[in-house]
Every structure is written in structure tokens, then in C-alpha cells.
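The structure under discussion appears below in the form of C-alpha cells.
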Amino acid sequence: MPDEVPFLWSHRKIKDFHRNEIMSMEAAGIRKHVIRDVLQCRYGGYDKVGIVTKDIYNYCSKNKRSRIAEGDARTVLGLLLKRRNTDPDFYFDYKVDDDSRLMSLFWCDTQSRMDYQSFGDVVVFDSTYRMNRYKMPFVPFVGLNHHRNTTVFGCGIICDERADSYIWVLQAFLKAMCQKKPQSVITDGDYSMIKAIRQVLPGVSHRICSWHVEKNILKHLHSNCLDGFRTLLYYASSETFEARWNAFLSEYETATNREWLAMMYKNRKLWAAAFQRDKFFLGMRSNQRSESLNSSLHRHLDIYMSLLDLVEHYENCVSRLRETEHELLKINDYHIHDRIIAMGSSRYFLVHNEKKKSVFEVDYWSDTSGHTIHCSCRKMELFDPIIAATKGAPRKNSNVPNNSNVDGLSKKRYKSFVEKRQYKCTLCKQQGHNRKTCEKQVQQGCD
């Protein structure tokens, strides 16, 4: 490769010269005008690059048309088939109409299937439009791993948002996961999605995203009654919900919002905290995990991109998530033995969070369903006794246990464990004092 690109080269040769660079940067989601900026920085100015931004647009467009010359859907299915040839446990399924047009598609790789077996207790999913030129809804299935990071279980593309489409993609999801159902699901308030979940996942706890509920509150209610409805959404207990609801109706119900309020009362068990207290949602109230993946894809996709672009950019996003998880895994493996500061019994111990300076009580027990972990932060209940205990920490330090004796560990003994922890001075590296008092001692010595 020459050090400088002659400016007088023809555009055809220039495009051939930069082909691999342009294709690599576009596959990573870099915009066309940014690609030219990168090339200018690399070769020392626009006169050394030999192409303009329009040339990059033309080349990318031509390259995309050549890649899907046999059809966008056919190309995507061919790509997924290649994935399965290299990954034996890669799963994909699709549905076509009478004219052999692609209607629905679902796929997941081996890592996603393994993650679901470990962390598939709570599944979050919703659909979003405008991710491709066909306006086919994109439906990712995501959850939380033992680091409370987003993990992806699979992805679906459907032709519309009807109940039949959701039923098909949910059935494909269960088939890929060996018919293992989650304990809970979190979705938006789409009625077709609710209907599909009731049919495919009967008995599974279902919660409507609180963020979507709040958006509907702003649409249907006046601003002076927002706090009253938020009380029903987040705080009301099951014993007082009916009384609070009737009081809310008597004060704020009007002819314009009567129908919406009746619909919300009918589905109250899906959104009211009063009916969700005994359910297992890992502390989540919204489908923010799914929305964050969608927003990451939106940075690289637009309404003009093909299904092939969507699949490739989705794989890039999943790869970045797994890279982050890999880094966290190495960090936690290094520090894991420093977190347990006390053992109360065979199934009770204390974990110290160095970052938040907090101590959490972790209760561990085993039954026929497996090993279960419960942390005093009230946000974690997983199958990992150490990592799960340090996540979901409250903002304030945990209090001393309310019980006078918890599995043989008294309040007095609990307090002694905390008091014995001495922090080192950052100035002299000695224990028993801090930097401020150390500086005063130095000043007094100088005097």
C-alpha cells in the first residue's frame, strides 16, 4: 500500500483502494460523512484521500444492492444458515406467506441460549418500528445477568403488531429455549402483546412498563391529578387500593377520561404496585433494558436500511454487550474473596460493597427448585451467592438487622464486625485515622 494516495486517480480506482476500509467502518455503524473524516485524518487531508463524501454514499449504496441482489430476505436467511453451520446450537426460524414473502423471523446463538438457562427468570421485550425500510417491528428479548447488566436472549422481526404475530414469535422463543418459561415478563401496554402472553405464557407474571403507563397518564389525565395516580401506580397496598381508586374516580373522573380509566382498572393487576409485591421482577419496573438496546441500534440504523443491515448491526451491539460482561467478569473474579466479611451460619453471611461503603445481609437456601439467594437490598434474588449480593445496592448504607438474632448473629456481633474494619490514611498509609487528621498532626509537628 502506498504512503500517499494520488489525488489524480480515477474515482473507480479510489473506491477499489478504500473498499475494505469503507466496508469495515460502515459495518461498525459509522456514518458516511464520518468515514470521510476518518480517511482524511489517516491520509493527511482531503487532497490525499481522492474521494468526496458523495463517492462514499454511492459506493455504499451500490455495495448494498449487490449484496441483496437475490432478495433481502433470502440473503438474511442465507446468512443465518451460515451462522448455524459454524455454530451447531445456533437457532433460527421463520414464517412466510402464500407468496413466499418473509412474515416473521426469530434467531439466537448458542451464548444467548446458555444465558437464558442461567438468567431467564425475567424477560423484557417490546417492539419498535422504523428500524428498517419495511417498517417491520423489531422485537429483542433481553434480561439481567448476575452483574445486573443487560443480556440478550434472542431477537425477532415480525410483519405487524397483531396478536398472531406476537404468538408466533413467543412460540419460536420457547422452542429455542427448550420450552422453559420465564417466571415474569415486562412489556409495554400493547393489547395484542398482552393477549399473546396470556395465550402462550399462562401463569407467568406479567407487568406493564411503568414508563409507558406514565406516558399514558400525561395523555389522558390533567396535570393536577398526576400525583394521585402515581400513588396508585407505585405505592398503594392491595388492602387500600380499591378505596384509593374509588376516591380518585370521585375526584378526577370526567367524560373524556372515563373510558381510559375503566380500561386501566380492568388491567390493574398488570401495572399497580399493590398487585406486584409478591411477584419476581428483580427490582425492574420498566422495559428500559429493551429500550436501551433499541436506542443503540437506532444510532446506526434508519428507515432506509435493509434487513441484512439490521441483523449485522444487532450482532455488533450484542458483541459489545458481551465484551463489557467479559471485562466485569474478570474484575469480579479478582475481587470476589474480599467481599465476604462475616459468616453467620451455613446459610447467612455479610458482604461488603467497597464502592458504596455498605454492608448487605445475604440469605442462602436450597430447595427442590435449586439454590436461591436473597439480599437485604431487596432488589436481588438470584442463583449467584456473591456477585448477586453486591448489586442493586440502595443509596444509603444498610441498617443493622431488625431481628435481635438472625441465624445466630446478634446485633452486637454485627456491629463489632463493622467497627473492626479500619480504613488506611491515604497520606501515610497507616490505620486509625484519615488524611485530614494526619495533616493536622504533621502541621503540629512542624510548629
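Residues in the C-alpha cells are numbered from 1 in each chain, the chains being A, B, ... in the order shown, and ligands are numbered from 1 in the order shown.
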Mind listing the strand (DSSP E) residues of segment 77-254 of chain A, per DSSP on the backbone, as a ChimeraX atom specification? /A:91-96,102-108,122-125,138-144,150-158,184-187,205-208
Would you list the contacts of Glu251 of chain A as an MDAnalysis selection string, taking every protein, DNA or RNA residue within 12 Å and counting only C-alpha atoms, but skipping same-chain residues closer than 5 positions in sequence? chainID A and resid 222 224:225 228:229 244:246
If you measure from atom CA of Asp126 of chain A to atom CA of Thr324 of chain A, what distance in Å do you get, rounded to one decimal?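 Distance between the two atoms: 23.4 Å.
Here atom CA of Leu233 of chain A stands at a distance of 6.6 Å from atom CA of Trp271 of chain A.
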Cys155 of chain A: which residues within 6 Å, counting only C-alpha atoms, same-chain residues fewer than 2 positions away excluded, as a list in words?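 Within the cut-off, the hits are Phe106, Trp107, Val139, Pro140 and Phe141 of chain A.
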